[in-house]
Amino acid sequence: MTNGTATTTDLDARLEAHRVELTGYCYRMLGSSFEAEDAVQDTMIRAWRGYDRFEGRSSLRSWLYRIATNVCLDMLAAGNKRARPMDLTESTPLARAALSPRPDSTWLEPMPDSRVLPTPADPAEAAVAKESVRLAFMAALQQLPAKQRAVLILREVLAWRAGEVAELLGTSVASVNSALQRARATLAERRQPGADASVSDPLDEEQRKLLERYVAAFEGYDMSALTALLHEDAVMTMPPFDLWLTGTEDITGFMTTLGAACAGSRLLPVEVNGLPGFAQYKPDPEAGGFTPWAVQVLEISDGRITGFHCFLDTARWFPLFGLPLHLEAEAGQVEQGA
């Protein structure tokens, strides 16, 4: 192996070691799983090409964050803000429910924990990292101007010092502190639905039992059992449709009318956005077995499910989560019963 090859291999490894944390940063900035991965890939390419000009005045990690921040700010220049259905429309009563899709670029997207959450030694750091990718917090971030968003993430989530953030952004400490204060004020004013979700890490016994009851109720399509698990003001969303429903009566009513084809579904657990989630497969009457239908993300508070978010674009989501695109009937039963 030549020295040049050895150097290239070493640089690739050093850059790759930062991929997960950079993906988490770009995801928080952009609100899109796929745009975040594109941004990190662009960052890696720019770093690789520009490494001979990296003079080591800062750490490699700081330099990569500087590049990633510039990539994200460029991508956000068009002003698109990712959102959830409740950020765009009023809740719709079941009697007026209509499934109206909006473009993919509208929506805050789900993300597997494994792609954005490094494994820190400190449990407190791990808890903060999980909280910072939950849907409500992600939706709140999207309300901030791009530079305020960067400051808040770097200071509050990643615990950078004000001087480090000022150097990265090419501004003053006073400007960083002012941006952080404005960002905090905006988040306080625009408290997001789901912000009260409280999920322990790892799940406590009560939460595990709640999820077990949820799986049994959903797979059995038992609306009485499901009602007992939902908070009376629970919210259900279904991107790419802008419809969202509030309350147990409308949610279960939807599931037995427009959503009736989901009866007999199978659920496989996934770790998504720092929250409990499931890959939902509904019966496939043509091919047999089960076909992908949704990635479900659940918000929990005080022993009840408060948010029930179904991301339906399975052709995009299931490969991202490493999920099979078909379950045989026996495989689905065995997997869930394991």
# chains A, B, ... in the order shown; residues from 1 in each chain; ligands from 1

call {"tool": "select_by_dssp", "arguments": {"residues": "segment 68-284 of chain A", "states": "strand (DSSP E)", "output": "PyMOL selection string"}}
result
chain A and resi 230-238+241-246+266-272+275-283

call {"tool": "write_last_selection", "arguments": {"atoms": "N, CA, C and O atoms", "output": "compact mmCIF listing (two decimals), in the first residue's frame"}}
result
# COMPACT_ATOMS: atom_id res chain seq x y z
N LEU A 230 -55.51 5.87 24.62
CA LEU A 230 -55.32 7.20 24.05
C LEU A 230 -55.75 8.28 25.04
O LEU A 230 -56.77 8.15 25.71
N HIS A 231 -54.98 9.35 25.09
CA HIS A 231 -55.41 10.53 25.83
C HIS A 231 -56.64 11.10 25.16
O HIS A 231 -56.79 11.01 23.93
N GLU A 232 -57.53 11.70 25.93
CA GLU A 232 -58.78 12.21 25.34
C GLU A 232 -58.53 13.27 24.28
O GLU A 232 -59.36 13.46 23.38
N ASP A 233 -57.37 13.96 24.35
CA ASP A 233 -57.03 14.96 23.34
C ASP A 233 -55.92 14.47 22.41
O ASP A 233 -55.19 15.28 21.82
N ALA A 234 -55.77 13.17 22.27
CA ALA A 234 -54.73 12.61 21.40
C ALA A 234 -54.87 13.13 19.98
O ALA A 234 -55.97 13.44 19.51
N VAL A 235 -53.73 13.22 19.30
CA VAL A 235 -53.67 13.73 17.93
C VAL A 235 -53.19 12.63 17.00
O VAL A 235 -52.26 11.88 17.33
N MET A 236 -53.80 12.52 15.84
CA MET A 236 -53.38 11.57 14.80
C MET A 236 -53.06 12.34 13.53
O MET A 236 -53.84 13.17 13.08
N THR A 237 -51.87 12.09 12.96
CA THR A 237 -51.50 12.71 11.69
C THR A 237 -51.08 11.62 10.71
O THR A 237 -50.69 10.52 11.11
N MET A 238 -51.14 11.96 9.40
CA MET A 238 -50.85 10.99 8.35
C MET A 238 -50.17 11.62 7.14
O MET A 238 -50.71 11.60 6.03
N PHE A 241 -50.71 13.39 3.79
CA PHE A 241 -52.01 14.06 3.84
C PHE A 241 -52.01 15.13 4.92
O PHE A 241 -51.42 14.94 5.99
N ASP A 242 -52.65 16.26 4.65
CA ASP A 242 -52.64 17.35 5.62
C ASP A 242 -53.73 17.21 6.67
O ASP A 242 -53.82 18.00 7.61
N LEU A 243 -54.56 16.17 6.55
CA LEU A 243 -55.58 15.89 7.55
C LEU A 243 -54.94 15.55 8.90
O LEU A 243 -53.95 14.83 8.96
N TRP A 244 -55.51 16.10 9.97
CA TRP A 244 -55.15 15.60 11.31
C TRP A 244 -56.39 15.61 12.18
O TRP A 244 -57.29 16.42 12.01
N LEU A 245 -56.45 14.64 13.06
CA LEU A 245 -57.63 14.39 13.88
C LEU A 245 -57.28 14.54 15.35
O LEU A 245 -56.15 14.25 15.77
N THR A 246 -58.27 14.98 16.15
CA THR A 246 -58.08 15.15 17.58
C THR A 246 -59.16 14.40 18.33
O THR A 246 -60.34 14.48 17.97
N ARG A 266 -49.96 -5.99 11.13
CA ARG A 266 -48.89 -6.42 12.01
C ARG A 266 -47.98 -5.23 12.29
O ARG A 266 -47.74 -4.40 11.40
N LEU A 267 -47.46 -5.15 13.51
CA LEU A 267 -46.57 -4.07 13.92
C LEU A 267 -45.22 -4.64 14.33
O LEU A 267 -45.17 -5.57 15.14
N LEU A 268 -44.15 -4.07 13.79
CA LEU A 268 -42.79 -4.41 14.20
C LEU A 268 -42.16 -3.17 14.82
O LEU A 268 -42.25 -2.08 14.26
N PRO A 269 -41.50 -3.30 15.98
CA PRO A 269 -40.95 -2.11 16.67
C PRO A 269 -39.80 -1.49 15.91
O PRO A 269 -38.97 -2.18 15.30
N VAL A 270 -39.75 -0.16 15.93
CA VAL A 270 -38.62 0.60 15.38
C VAL A 270 -38.27 1.71 16.36
O VAL A 270 -39.10 2.12 17.17
N GLU A 271 -37.02 2.18 16.30
CA GLU A 271 -36.59 3.32 17.12
C GLU A 271 -36.49 4.53 16.20
O GLU A 271 -35.66 4.57 15.30
N VAL A 272 -37.35 5.49 16.45
CA VAL A 272 -37.51 6.60 15.52
C VAL A 272 -37.67 7.91 16.28
O VAL A 272 -38.48 8.00 17.20
N LEU A 275 -38.30 8.27 20.00
CA LEU A 275 -39.61 7.89 20.51
C LEU A 275 -39.92 6.44 20.16
O LEU A 275 -39.31 5.88 19.24
N PRO A 276 -40.89 5.81 20.84
CA PRO A 276 -41.32 4.49 20.42
C PRO A 276 -42.00 4.56 19.06
O PRO A 276 -42.71 5.53 18.76
N GLY A 277 -41.80 3.56 18.24
CA GLY A 277 -42.43 3.53 16.93
C GLY A 277 -42.62 2.12 16.44
O GLY A 277 -42.11 1.16 17.02
N PHE A 278 -43.39 2.01 15.37
CA PHE A 278 -43.67 0.71 14.78
C PHE A 278 -43.74 0.82 13.27
O PHE A 278 -44.19 1.83 12.73
N ALA A 279 -43.25 -0.22 12.61
CA ALA A 279 -43.50 -0.37 11.18
C ALA A 279 -44.81 -1.12 11.04
O ALA A 279 -44.95 -2.23 11.57
N GLN A 280 -45.77 -0.50 10.38
CA GLN A 280 -47.07 -1.13 10.21
C GLN A 280 -47.17 -1.79 8.84
O GLN A 280 -46.92 -1.17 7.81
N TYR A 281 -47.51 -3.07 8.85
CA TYR A 281 -47.78 -3.83 7.63
C TYR A 281 -49.26 -4.21 7.64
O TYR A 281 -49.74 -4.79 8.61
N LYS A 282 -49.97 -3.88 6.56
CA LYS A 282 -51.38 -4.26 6.51
C LYS A 282 -51.54 -5.48 5.60
O LYS A 282 -50.68 -5.76 4.76
N PRO A 283 -52.63 -6.22 5.75
CA PRO A 283 -52.82 -7.42 4.93
C PRO A 283 -52.77 -7.10 3.44
O PRO A 283 -53.27 -6.06 2.99

call {"tool": "residues_around", "arguments": {"residues": "Trp107 of chain A", "least_positions_apart": "3", "cutoff": "12 Å", "atoms": "only C-alpha atoms", "output": "ChimeraX atom specification"}}
result
/A:30-35,80-88,101-104,110,135,138-139,142,237-242,311-313

call {"tool": "write_last_selection", "arguments": {"atoms": "N, CA, C and O atoms", "output": "CSV table (one decimal), in the first residue's frame"}}
result
chain,number,residue,atom,x,y,z
A,30,LEU,N,-32.4,20.8,9.0
A,30,LEU,CA,-33.2,20.7,7.7
A,30,LEU,C,-34.6,20.1,7.9
A,30,LEU,O,-35.5,20.3,7.1
A,31,GLY,N,-34.8,19.2,8.9
A,31,GLY,CA,-36.1,18.6,9.1
A,31,GLY,C,-36.4,17.5,8.1
A,31,GLY,O,-37.5,17.0,8.1
A,32,SER,N,-35.4,17.1,7.3
A,32,SER,CA,-35.6,16.1,6.3
A,32,SER,C,-34.5,15.0,6.4
A,32,SER,O,-33.3,15.3,6.4
A,33,SER,N,-35.0,13.8,6.4
A,33,SER,CA,-34.0,12.7,6.5
A,33,SER,C,-33.1,12.6,5.3
A,33,SER,O,-31.9,12.5,5.5
A,34,PHE,N,-33.7,12.7,4.1
A,34,PHE,CA,-32.9,12.5,2.9
A,34,PHE,C,-32.0,13.8,2.6
A,34,PHE,O,-30.9,13.7,2.2
A,35,GLU,N,-32.6,15.0,2.9
A,35,GLU,CA,-31.7,16.2,2.7
A,35,GLU,C,-30.6,16.2,3.7
A,35,GLU,O,-29.5,16.7,3.4
A,80,ASN,N,-37.8,27.3,2.6
A,80,ASN,CA,-38.8,26.2,2.9
A,80,ASN,C,-38.7,25.7,4.3
A,80,ASN,O,-37.6,25.5,4.9
A,81,LYS,N,-39.8,25.6,5.0
A,81,LYS,CA,-39.9,25.2,6.4
A,81,LYS,C,-40.6,23.9,6.5
A,81,LYS,O,-41.8,23.8,6.1
A,82,ARG,N,-40.0,22.8,6.9
A,82,ARG,CA,-40.7,21.6,7.1
A,82,ARG,C,-41.7,21.7,8.2
A,82,ARG,O,-41.5,22.4,9.2
A,83,ALA,N,-42.8,21.0,8.1
A,83,ALA,CA,-43.9,21.1,9.0
A,83,ALA,C,-44.6,19.8,9.3
A,83,ALA,O,-44.4,18.8,8.6
A,84,ARG,N,-45.5,19.9,10.3
A,84,ARG,CA,-46.4,18.8,10.6
A,84,ARG,C,-47.8,19.3,10.2
A,84,ARG,O,-48.1,20.5,10.1
A,85,PRO,N,-48.8,18.3,10.0
A,85,PRO,CA,-50.1,18.8,9.6
A,85,PRO,C,-50.7,19.8,10.5
A,85,PRO,O,-51.3,20.8,10.1
A,86,MET,N,-50.5,19.7,11.8
A,86,MET,CA,-51.1,20.7,12.8
A,86,MET,C,-50.4,22.1,12.7
A,86,MET,O,-50.9,23.0,13.2
A,87,ASP,N,-49.3,22.2,12.0
A,87,ASP,CA,-48.6,23.5,11.8
A,87,ASP,C,-49.3,24.2,10.6
A,87,ASP,O,-49.0,25.4,10.4
A,88,LEU,N,-50.1,23.5,9.8
A,88,LEU,CA,-50.5,24.1,8.5
A,88,LEU,C,-52.0,24.3,8.5
A,88,LEU,O,-52.5,25.2,7.8
A,101,PRO,N,-53.2,15.1,-0.3
A,101,PRO,CA,-51.8,15.1,-0.1
A,101,PRO,C,-51.1,16.4,-0.4
A,101,PRO,O,-51.7,17.2,-1.2
A,102,ARG,N,-50.0,16.7,0.2
A,102,ARG,CA,-49.1,17.8,-0.2
A,102,ARG,C,-47.8,17.3,-0.6
A,102,ARG,O,-47.4,16.1,-0.3
A,103,PRO,N,-46.9,18.1,-1.3
A,103,PRO,CA,-45.6,17.6,-1.8
A,103,PRO,C,-44.7,17.1,-0.6
A,103,PRO,O,-44.9,17.6,0.5
A,104,ASP,N,-43.8,16.2,-1.0
A,104,ASP,CA,-42.9,15.7,0.0
A,104,ASP,C,-42.1,16.8,0.7
A,104,ASP,O,-41.8,16.7,1.9
A,110,PRO,N,-39.5,11.6,9.3
A,110,PRO,CA,-39.0,10.7,10.4
A,110,PRO,C,-37.6,10.3,10.1
A,110,PRO,O,-37.1,10.3,9.0
A,135,LEU,N,-40.4,14.7,17.5
A,135,LEU,CA,-41.1,15.5,16.5
A,135,LEU,C,-41.5,16.9,16.9
A,135,LEU,O,-41.4,17.8,16.1
A,138,MET,N,-38.4,19.1,16.9
A,138,MET,CA,-38.0,19.3,15.5
A,138,MET,C,-38.9,20.3,14.8
A,138,MET,O,-38.5,21.2,14.0
A,139,ALA,N,-40.2,20.1,15.0
A,139,ALA,CA,-41.2,21.1,14.4
A,139,ALA,C,-40.9,22.5,14.9
A,139,ALA,O,-41.1,23.5,14.2
A,142,GLN,N,-38.1,24.3,13.2
A,142,GLN,CA,-38.4,24.7,11.9
A,142,GLN,C,-39.0,26.1,11.8
A,142,GLN,O,-39.0,26.8,10.8
A,237,THR,N,-51.9,12.1,13.0
A,237,THR,CA,-51.5,12.7,11.7
A,237,THR,C,-51.1,11.6,10.7
A,237,THR,O,-50.7,10.5,11.1
A,238,MET,N,-51.1,12.0,9.4
A,238,MET,CA,-50.9,11.0,8.3
A,238,MET,C,-50.2,11.6,7.1
A,238,MET,O,-50.7,11.6,6.0
A,239,PRO,N,-49.0,12.2,7.3
A,239,PRO,CA,-48.3,12.8,6.1
A,239,PRO,C,-48.1,11.7,5.1
A,239,PRO,O,-47.8,10.5,5.5
A,240,PRO,N,-48.3,12.0,3.8
A,240,PRO,CA,-48.3,13.3,3.1
A,240,PRO,C,-49.7,13.9,3.1
A,240,PRO,O,-49.9,15.0,2.4
A,241,PHE,N,-50.7,13.4,3.8
A,241,PHE,CA,-52.0,14.1,3.8
A,241,PHE,C,-52.0,15.1,4.9
A,241,PHE,O,-51.4,14.9,6.0
A,242,ASP,N,-52.7,16.3,4.7
A,242,ASP,CA,-52.6,17.4,5.6
A,242,ASP,C,-53.7,17.2,6.7
A,242,ASP,O,-53.8,18.0,7.6
A,311,PHE,N,-46.5,7.9,9.1
A,311,PHE,CA,-45.8,8.4,7.9
A,311,PHE,C,-46.0,7.4,6.8
A,311,PHE,O,-45.5,6.2,6.9
A,312,LEU,N,-46.7,7.7,5.7
A,312,LEU,CA,-47.3,6.7,4.8
A,312,LEU,C,-46.4,6.4,3.6
A,312,LEU,O,-46.7,5.5,2.9
A,313,ASP,N,-45.4,7.2,3.3
A,313,ASP,CA,-44.6,7.0,2.1
A,313,ASP,C,-43.6,5.9,2.3
A,313,ASP,O,-42.4,6.1,2.4

call {"tool": "residues_around", "arguments": {"residues": "Thr43 of chain A", "least_positions_apart": "3", "cutoff": "6 Å", "atoms": "only C-alpha atoms", "output": "mmCIF file with C-alpha atoms, in the first residue's frame"}}
result
data_model
loop_
_atom_site.group_PDB
_atom_site.id
_atom_site.type_symbol
_atom_site.label_atom_id
_atom_site.label_comp_id
_atom_site.auth_asym_id
_atom_site.auth_seq_id
_atom_site.Cartn_x
_atom_site.Cartn_y
_atom_site.Cartn_z
ATOM 1 C CA VAL A 40 -23.535 15.266 5.124
ATOM 2 C CA ARG A 46 -15.932 19.267 0.482
ATOM 3 C CA ILE A 67 -18.696 23.078 6.480
ATOM 4 C CA ALA A 68 -21.962 21.320 7.388
#

call {"tool": "select_by_dssp", "arguments": {"residues": "segment 41-260 of chain A", "states": "helix (DSSP H, G or I)", "output": "number ranges by chain"}}
result
A: 41-53, 60-78, 85-88, 94-96, 104-106, 113-116, 123-131, 135-141, 146-157, 162-169, 173-189, 205-219, 223-229, 248-255, 260

call {"tool": "closest_residue", "arguments": {"among": "A:His309, A:Ala159, A:Glu286, A:Ala36", "to": "Val71 of chain A", "atoms": "only C-alpha atoms"}}
result
A:Ala36

call {"tool": "closest_residue", "arguments": {"among": "A:Tyr214, A:Trp63, A:Tyr25, A:Trp293", "to": "Leu169 of chain A", "atoms": "only C-alpha atoms"}}
result
A:Trp63

call {"tool": "decode", "arguments": {"residues": "segment 126-150 of chain A", "atoms": "N, CA, C and O atoms", "output": "PDB file, in the first residue's frame"}}
result
ATOM      1  N   ALA A 126     -27.108  11.452  26.326  1.00  0.00           N
ATOM      2  CA  ALA A 126     -27.950  10.616  25.468  1.00  0.00           C
ATOM      3  C   ALA A 126     -29.406  11.052  25.548  1.00  0.00           C
ATOM      4  O   ALA A 126     -30.116  11.108  24.529  1.00  0.00           O
ATOM      5  N   ALA A 127     -29.872  11.395  26.754  1.00  0.00           N
ATOM      6  CA  ALA A 127     -31.259  11.831  26.934  1.00  0.00           C
ATOM      7  C   ALA A 127     -31.521  13.141  26.204  1.00  0.00           C
ATOM      8  O   ALA A 127     -32.552  13.303  25.535  1.00  0.00           O
ATOM      9  N   VAL A 128     -30.587  14.090  26.315  1.00  0.00           N
ATOM     10  CA  VAL A 128     -30.738  15.375  25.610  1.00  0.00           C
ATOM     11  C   VAL A 128     -30.773  15.153  24.104  1.00  0.00           C
ATOM     12  O   VAL A 128     -31.583  15.751  23.385  1.00  0.00           O
ATOM     13  N   ALA A 129     -29.894  14.282  23.606  1.00  0.00           N
ATOM     14  CA  ALA A 129     -29.845  14.015  22.167  1.00  0.00           C
ATOM     15  C   ALA A 129     -31.174  13.447  21.678  1.00  0.00           C
ATOM     16  O   ALA A 129     -31.688  13.859  20.629  1.00  0.00           O
ATOM     17  N   LYS A 130     -31.744  12.518  22.442  1.00  0.00           N
ATOM     18  CA  LYS A 130     -33.030  11.935  22.032  1.00  0.00           C
ATOM     19  C   LYS A 130     -34.143  12.974  22.043  1.00  0.00           C
ATOM     20  O   LYS A 130     -34.953  13.045  21.117  1.00  0.00           O
ATOM     21  N   GLU A 131     -34.186  13.766  23.095  1.00  0.00           N
ATOM     22  CA  GLU A 131     -35.227  14.794  23.181  1.00  0.00           C
ATOM     23  C   GLU A 131     -35.137  15.771  22.015  1.00  0.00           C
ATOM     24  O   GLU A 131     -36.154  16.284  21.543  1.00  0.00           O
ATOM     25  N   SER A 132     -33.923  16.010  21.533  1.00  0.00           N
ATOM     26  CA  SER A 132     -33.726  17.031  20.508  1.00  0.00           C
ATOM     27  C   SER A 132     -34.062  16.553  19.102  1.00  0.00           C
ATOM     28  O   SER A 132     -33.989  17.354  18.156  1.00  0.00           O
ATOM     29  N   VAL A 133     -34.411  15.273  18.920  1.00  0.00           N
ATOM     30  CA  VAL A 133     -34.883  14.828  17.607  1.00  0.00           C
ATOM     31  C   VAL A 133     -36.350  14.407  17.649  1.00  0.00           C
ATOM     32  O   VAL A 133     -36.881  13.908  16.652  1.00  0.00           O
ATOM     33  N   ARG A 134     -37.006  14.603  18.796  1.00  0.00           N
ATOM     34  CA  ARG A 134     -38.420  14.273  18.862  1.00  0.00           C
ATOM     35  C   ARG A 134     -39.226  15.226  17.999  1.00  0.00           C
ATOM     36  O   ARG A 134     -38.844  16.370  17.770  1.00  0.00           O
ATOM     37  N   LEU A 135     -40.355  14.741  17.515  1.00  0.00           N
ATOM     38  CA  LEU A 135     -41.094  15.471  16.488  1.00  0.00           C
ATOM     39  C   LEU A 135     -41.481  16.876  16.923  1.00  0.00           C
ATOM     40  O   LEU A 135     -41.380  17.827  16.140  1.00  0.00           O
ATOM     41  N   ALA A 136     -41.934  17.037  18.170  1.00  0.00           N
ATOM     42  CA  ALA A 136     -42.370  18.363  18.613  1.00  0.00           C
ATOM     43  C   ALA A 136     -41.210  19.350  18.617  1.00  0.00           C
ATOM     44  O   ALA A 136     -41.358  20.505  18.186  1.00  0.00           O
ATOM     45  N   PHE A 137     -40.056  18.913  19.110  1.00  0.00           N
ATOM     46  CA  PHE A 137     -38.898  19.811  19.134  1.00  0.00           C
ATOM     47  C   PHE A 137     -38.416  20.106  17.724  1.00  0.00           C
ATOM     48  O   PHE A 137     -38.074  21.247  17.382  1.00  0.00           O
ATOM     49  N   MET A 138     -38.402  19.076  16.869  1.00  0.00           N
ATOM     50  CA  MET A 138     -38.000  19.281  15.475  1.00  0.00           C
ATOM     51  C   MET A 138     -38.924  20.274  14.776  1.00  0.00           C
ATOM     52  O   MET A 138     -38.468  21.151  14.024  1.00  0.00           O
ATOM     53  N   ALA A 139     -40.226  20.148  15.035  1.00  0.00           N
ATOM     54  CA  ALA A 139     -41.177  21.090  14.434  1.00  0.00           C
ATOM     55  C   ALA A 139     -40.950  22.497  14.937  1.00  0.00           C
ATOM     56  O   ALA A 139     -41.060  23.479  14.181  1.00  0.00           O
ATOM     57  N   ALA A 140     -40.604  22.627  16.228  1.00  0.00           N
ATOM     58  CA  ALA A 140     -40.331  23.948  16.791  1.00  0.00           C
ATOM     59  C   ALA A 140     -39.088  24.560  16.152  1.00  0.00           C
ATOM     60  O   ALA A 140     -39.056  25.764  15.841  1.00  0.00           O
ATOM     61  N   LEU A 141     -38.058  23.752  15.940  1.00  0.00           N
ATOM     62  CA  LEU A 141     -36.840  24.260  15.306  1.00  0.00           C
ATOM     63  C   LEU A 141     -37.131  24.862  13.933  1.00  0.00           C
ATOM     64  O   LEU A 141     -36.515  25.854  13.535  1.00  0.00           O
ATOM     65  N   GLN A 142     -38.077  24.255  13.218  1.00  0.00           N
ATOM     66  CA  GLN A 142     -38.361  24.718  11.860  1.00  0.00           C
ATOM     67  C   GLN A 142     -38.986  26.114  11.841  1.00  0.00           C
ATOM     68  O   GLN A 142     -39.048  26.754  10.791  1.00  0.00           O
ATOM     69  N   GLN A 143     -39.449  26.580  13.005  1.00  0.00           N
ATOM     70  CA  GLN A 143     -40.031  27.921  13.087  1.00  0.00           C
ATOM     71  C   GLN A 143     -38.969  29.014  13.190  1.00  0.00           C
ATOM     72  O   GLN A 143     -39.270  30.199  13.049  1.00  0.00           O
ATOM     73  N   LEU A 144     -37.722  28.610  13.436  1.00  0.00           N
ATOM     74  CA  LEU A 144     -36.660  29.591  13.661  1.00  0.00           C
ATOM     75  C   LEU A 144     -35.964  29.970  12.362  1.00  0.00           C
ATOM     76  O   LEU A 144     -35.792  29.125  11.472  1.00  0.00           O
ATOM     77  N   PRO A 145     -35.502  31.215  12.231  1.00  0.00           N
ATOM     78  CA  PRO A 145     -34.614  31.565  11.118  1.00  0.00           C
ATOM     79  C   PRO A 145     -33.382  30.658  11.154  1.00  0.00           C
ATOM     80  O   PRO A 145     -32.966  30.181  12.212  1.00  0.00           O
ATOM     81  N   ALA A 146     -32.793  30.437   9.990  1.00  0.00           N
ATOM     82  CA  ALA A 146     -31.755  29.421   9.859  1.00  0.00           C
ATOM     83  C   ALA A 146     -30.586  29.622  10.822  1.00  0.00           C
ATOM     84  O   ALA A 146     -30.121  28.671  11.461  1.00  0.00           O
ATOM     85  N   LYS A 147     -30.083  30.842  10.954  1.00  0.00           N
ATOM     86  CA  LYS A 147     -28.918  31.056  11.817  1.00  0.00           C
ATOM     87  C   LYS A 147     -29.282  30.905  13.292  1.00  0.00           C
ATOM     88  O   LYS A 147     -28.490  30.386  14.085  1.00  0.00           O
ATOM     89  N   GLN A 148     -30.486  31.349  13.674  1.00  0.00           N
ATOM     90  CA  GLN A 148     -30.927  31.113  15.045  1.00  0.00           C
ATOM     91  C   GLN A 148     -31.042  29.610  15.315  1.00  0.00           C
ATOM     92  O   GLN A 148     -30.708  29.133  16.404  1.00  0.00           O
ATOM     93  N   ARG A 149     -31.512  28.888  14.337  1.00  0.00           N
ATOM     94  CA  ARG A 149     -31.626  27.435  14.453  1.00  0.00           C
ATOM     95  C   ARG A 149     -30.256  26.816  14.722  1.00  0.00           C
ATOM     96  O   ARG A 149     -30.097  25.970  15.613  1.00  0.00           O
ATOM     97  N   ALA A 150     -29.263  27.243  13.951  1.00  0.00           N
ATOM     98  CA  ALA A 150     -27.904  26.719  14.127  1.00  0.00           C
ATOM     99  C   ALA A 150     -27.377  27.045  15.514  1.00  0.00           C
ATOM    100  O   ALA A 150     -26.795  26.188  16.194  1.00  0.00           O
TER     101      ALA A 150
END
